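Below is one structure; the comments refer to it alone.
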Amino acid sequence: MKKFLKPFMLMMALVAMFTIVSCDKEEDVKFELLTFKSGDIDLNGASAATGVSTEPTLVMTFSKDIDVTGLTVTMKQVYDNAVVVVTKDVTAKVVTLTVPKLASGTSYELTVSGLKSKDGEMFDPITRSFTTAGGFVPTGQVAYWPFNGNTNDEQGAYDPTASQVVAITYGADRKGGANGAAVFNGDNSIVEVSGADALINTANFTVSFWVKTNSDHLNADGNPTGHFVFGLGAFYGIQYEIFGGYDGSKFAIQYAMADNKTGAEDMWFPALATDNTTGGWQGWDYAKSLTAEQMMAKLKDNWVHIVYTYSGADRKGTIYFDGVKMKSFDFDLWPDGDAKRAVSGMKWGGAAPDVVNELAFGFVQSRAGTMWDAEGWGGYDFATSNHFKGSLDEFRIFHKALSAQEVDLLYKSEKGN
């Protein structure tokens, strides 16, 4: 019996020693982040990761099992601090984070705090930044025509088969890419999109597009004529035109006022623009004064990125050229008692037969409207009218007033190198 006990006791002693050594090794393991990935992309590198999916699953792997008590995860868009909701799942040493679909070409910052291992070891908060794949597109977009060889609304709200297309060709876009922009001939080219009044029935609004005029555009007298780049029932909805002298342009827009009424207001941006401190209208609170030559350098035979925003909360409209603020007005600065002091947003104010609720690319309104039919400058059937002659690209509408930073980021993203 003694002979049997001695080997047994020796074996138990070795097992105990091994167990003690093993426990010592577990306790010696440092609580650290081993990997942090989105698919194959390392988010734990020395520099911020790029090209991350807009629908990522973020996986953090640690060296020890995690105590979920107190674990907090926060995430935000870097440019505007908008909060992103994060769902976390913890299994042993792995934290899996899922988020809603993210904006493309956008930088995000994620912070994980309250980390603790199950054996009580604390971990300092982790902050990582990354940028999603694709070009930057702010939230709130409701329609998008890139004109990449077709007239489809890639946002999906408007059925391309419901559009009427006349004499549209496709040519080089602002980056020189083939068939990347719609080309309008200045005589009869037009794209008509039905049911478009919904685009402007909104408190907050932005339209963004790239345009390049062709200055070989003459009226019936052989003189340079203006360009109706697009229009939704002209000023009963929204229109944008570039002057025949290329020394300015304007938006004309219908706004919602009290008692269910509407009224139009023009946002002029001519050369040598003025604000309310330099002789301009009292509602014009900012104007960048470009010379005629500087304005022509923007609008004549060159690609320019144009944005108009309207904020219902601030009752303020703003124009940007190439990411830079050019002019703004504030309805709160209109004279006391003026009905436009109560403007609440933008609103379709048209009625047939004068105008119909069709968005026209290439003219001030669709062919169904009869307003100005007999005018040599405003009738669609006159080839020498103010038809648009040139190219149009990346036409976007948002039900959101983009911030100056968003406009700048959108311009830089679409401009490219």
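Identifiers in the structure tokens: chain A, B, ... in order shown; residue index from 1 per chain; ligand index from 1 in order shown.
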Practice item. Mind the document's chain letters and residue numbers, and return as a VMD selection string the residues of region 276-308 of chain A that DSSP labels helix (DSSP H, G or I). Key: chain A and resid 292 to 299
Per-residue nearest contacts region 125-207 of chain A to region 329-345 of chain A, cut-off 8 Å, using only C-alpha atoms, as a Markdown table:
| residue | atom | partner | partner_atom | distance |
| --- | --- | --- | --- | --- |
| A:Asn201 | CA | A:Gly345 | CA | 7.7 |
| A:Thr202 | CA | A:Gly345 | CA | 5.9 |
| A:Ala203 | CA | A:Gly345 | CA | 3.9 |
| A:Asn204 | CA | A:Gly345 | CA | 6.5 |
Point to revise | Computed interatomic separation between CA of Asp159 (chain A) and CA of Tyr144 (chain A) (Å) | key: 11.9 Å
Review point. When distances are computed from only C-alpha atoms, which of A:Lys327, A:Lys389, A:Lys37, A:Lys288 shows the smallest separation from Asp301 (chain A)?
Key: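 The closest residue to Asp301 (chain A) is A:Lys389.
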**Study point:** Shortest interatomic distance to Leu71 (chain A) - which of A:Phe398, A:Phe36, A:Phe123, A:Tyr108, counting only C-alpha atoms
**Key:**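 Closest residue, counting only C-alpha atoms: A:Phe123.
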Per residue of region 80-175 of chain A within 9 Å of region 29-32 of chain A, what are the shortest atom pair and its distance in Å to one decimal, counting only C-alpha atoms, with rows by chain and residue number, as a tab-separated table?
residue	atom	partner	partner_atom	distance
A:Lys116	CA	A:Phe31	CA	8.4
A:Ser117	CA	A:Phe31	CA	6.9
A:Glu121	CA	A:Phe31	CA	6.7
A:Met122	CA	A:Phe31	CA	7.8
A:Phe123	CA	A:Phe31	CA	7.1
Those same residues - N, CA and C atoms - I'd like them written as a CSV table (one decimal), in the first residue's frame.
chain,number,residue,atom,x,y,z
A,116,LYS,N,-13.1,46.6,-18.2
A,116,LYS,CA,-12.5,45.9,-17.1
A,116,LYS,C,-12.6,44.4,-17.4
A,117,SER,N,-11.5,43.7,-17.0
A,117,SER,CA,-11.4,42.3,-17.2
A,117,SER,C,-12.2,41.6,-16.1
A,121,GLU,N,-9.0,43.8,-13.7
A,121,GLU,CA,-8.0,44.7,-14.2
A,121,GLU,C,-8.7,45.8,-15.1
A,122,MET,N,-8.4,47.0,-14.8
A,122,MET,CA,-9.0,48.2,-15.6
A,122,MET,C,-8.2,48.4,-16.9
A,123,PHE,N,-8.9,49.1,-17.8
A,123,PHE,CA,-8.2,49.4,-19.1
A,123,PHE,C,-8.6,50.8,-19.4
Exercise for review: Please provide as a ChimeraX atom specification all residues within 7 Å of Ser129 (chain A), with the sequence filter that same-chain residues fewer than 5 positions apart are discarded (counting only C-alpha atoms).
Suggested key: /A:48,107-110
Check your understanding: For Thr87 (chain A), which residue among A:Pro270, A:Ala103, A:Asp173, A:Val59 is the nearest when counting only C-alpha atoms?
Key ->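 Comparing A:Pro270, A:Ala103, A:Asp173, A:Val59 against Thr87 (chain A), the winner is A:Val59.
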Exercise for review: Would you list the contacts of Val355 (chain A) as a ChimeraX atom specification, taking every protein, DNA or RNA residue within 7 Å and counting only C-alpha atoms, but skipping same-chain residues closer than 6 positions in sequence?
Suggested key: /A:233,369-371
Check your understanding: For Asp197 (chain A), which of A:Leu232, A:Val84, A:Val73, A:Val364 is the closest residue, counting only C-alpha atoms?
Key ->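 Nearest to Asp197 (chain A): A:Leu232.
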Review point. Pick from A:Gly237, A:Gly317, A:Pro138, A:Gly280: nearest to Trp348 (chain A), with only C-alpha atoms counted?
Key: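 Closest candidate: A:Gly237.
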Point to revise | Residue among A:Ala360, A:Ala234, A:Ala157, A:Ala297 lying closest to Asn188 (chain A), counting only C-alpha atoms | key: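 So, comparing all the options, the nearest one is A:Ala360.
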Practice item. Quick one: pull the distance between CA of Phe388 (chain A) and CA of Ala256 (chain A), Å, one decimal. Key: 28.2 Å
**Study point:** Residue contacts of Leu359 (chain A) (10 Å, only C-alpha atoms) excluding same-chain residues fewer than 6 positions away, as an MDAnalysis selection string
**Key:** chainID A and resid 163 190:197 199 230:234 237:239 365:366
Could you save the residues just selected, with N, CA and C atoms, as a compact mmCIF listing (two decimals), in the first residue's frame?
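Contents of part.txt, as written:
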# COMPACT_ATOMS: atom_id res chain seq x y z
N SER A 163 -39.77 60.10 -66.48
CA SER A 163 -39.14 61.33 -66.96
C SER A 163 -39.25 61.44 -68.48
N ILE A 190 -34.12 69.13 -72.83
CA ILE A 190 -34.85 69.23 -71.57
C ILE A 190 -35.04 67.83 -70.97
N VAL A 191 -35.02 67.77 -69.65
CA VAL A 191 -35.40 66.58 -68.90
C VAL A 191 -36.52 67.01 -67.96
N GLU A 192 -37.64 66.30 -67.97
CA GLU A 192 -38.79 66.67 -67.15
C GLU A 192 -39.09 65.54 -66.17
N VAL A 193 -39.20 65.90 -64.90
CA VAL A 193 -39.45 64.92 -63.83
C VAL A 193 -40.78 65.25 -63.17
N SER A 194 -41.73 64.34 -63.22
CA SER A 194 -43.07 64.61 -62.70
C SER A 194 -43.13 64.50 -61.18
N GLY A 195 -44.17 65.11 -60.60
CA GLY A 195 -44.40 65.02 -59.16
C GLY A 195 -43.32 65.64 -58.32
N ALA A 196 -42.68 66.68 -58.84
CA ALA A 196 -41.49 67.21 -58.17
C ALA A 196 -41.79 68.28 -57.13
N ASP A 197 -43.07 68.66 -56.95
CA ASP A 197 -43.38 69.66 -55.93
C ASP A 197 -42.96 69.20 -54.54
N LEU A 199 -40.29 68.03 -53.70
CA LEU A 199 -38.90 68.39 -53.46
C LEU A 199 -38.74 69.71 -52.71
N PHE A 230 -32.18 75.23 -64.62
CA PHE A 230 -33.27 74.32 -64.26
C PHE A 230 -34.41 75.14 -63.67
N GLY A 231 -35.59 74.53 -63.64
CA GLY A 231 -36.73 75.22 -63.06
C GLY A 231 -37.84 74.25 -62.70
N LEU A 232 -38.49 74.50 -61.60
CA LEU A 232 -39.67 73.76 -61.17
C LEU A 232 -40.81 74.77 -61.10
N GLY A 233 -41.50 74.92 -62.25
CA GLY A 233 -42.55 75.92 -62.31
C GLY A 233 -42.03 77.33 -62.15
N ALA A 234 -40.80 77.58 -62.64
CA ALA A 234 -40.16 78.90 -62.51
C ALA A 234 -40.20 79.36 -61.05
N GLY A 237 -41.96 77.66 -57.93
CA GLY A 237 -41.29 76.58 -57.22
C GLY A 237 -39.87 76.99 -56.95
N ILE A 238 -38.99 76.67 -57.88
CA ILE A 238 -37.60 77.13 -57.79
C ILE A 238 -37.01 77.16 -59.20
N GLN A 239 -36.20 78.17 -59.48
CA GLN A 239 -35.49 78.24 -60.75
C GLN A 239 -34.08 78.77 -60.48
N GLN A 365 -39.12 75.90 -66.81
CA GLN A 365 -40.26 75.08 -66.42
C GLN A 365 -40.44 74.00 -67.47
N SER A 366 -41.31 73.05 -67.20
CA SER A 366 -41.56 71.99 -68.17
C SER A 366 -42.41 72.51 -69.33
Exercise for review: Tell me which protein, DNA and RNA residues are within 12 Å of Gly156 (chain A), counting only C-alpha atoms, leaving out same-chain ones fewer than 5 positions away, and put them as an NGL selection string.
Suggested key: :A and (141-145 or 151 or 161)
Review point. Can you list, as a count of residues only, every residue of region 12-221 of chain A that DSSP puts in strand (DSSP E or B)?
Key: 85
Point to revise | Val86 (chain A) surroundings by only C-alpha atoms, 12 Å radius, close-in-sequence under 3 positions cut, as a PyMOL selection string | key: chain A and resi 56-58+72-76+83+89+95-102+109-112
Revision key, fill the gap. From CA of Ser104 (chain A) to CA of Thr61 (chain A) the spacing works out at 26.1 Å
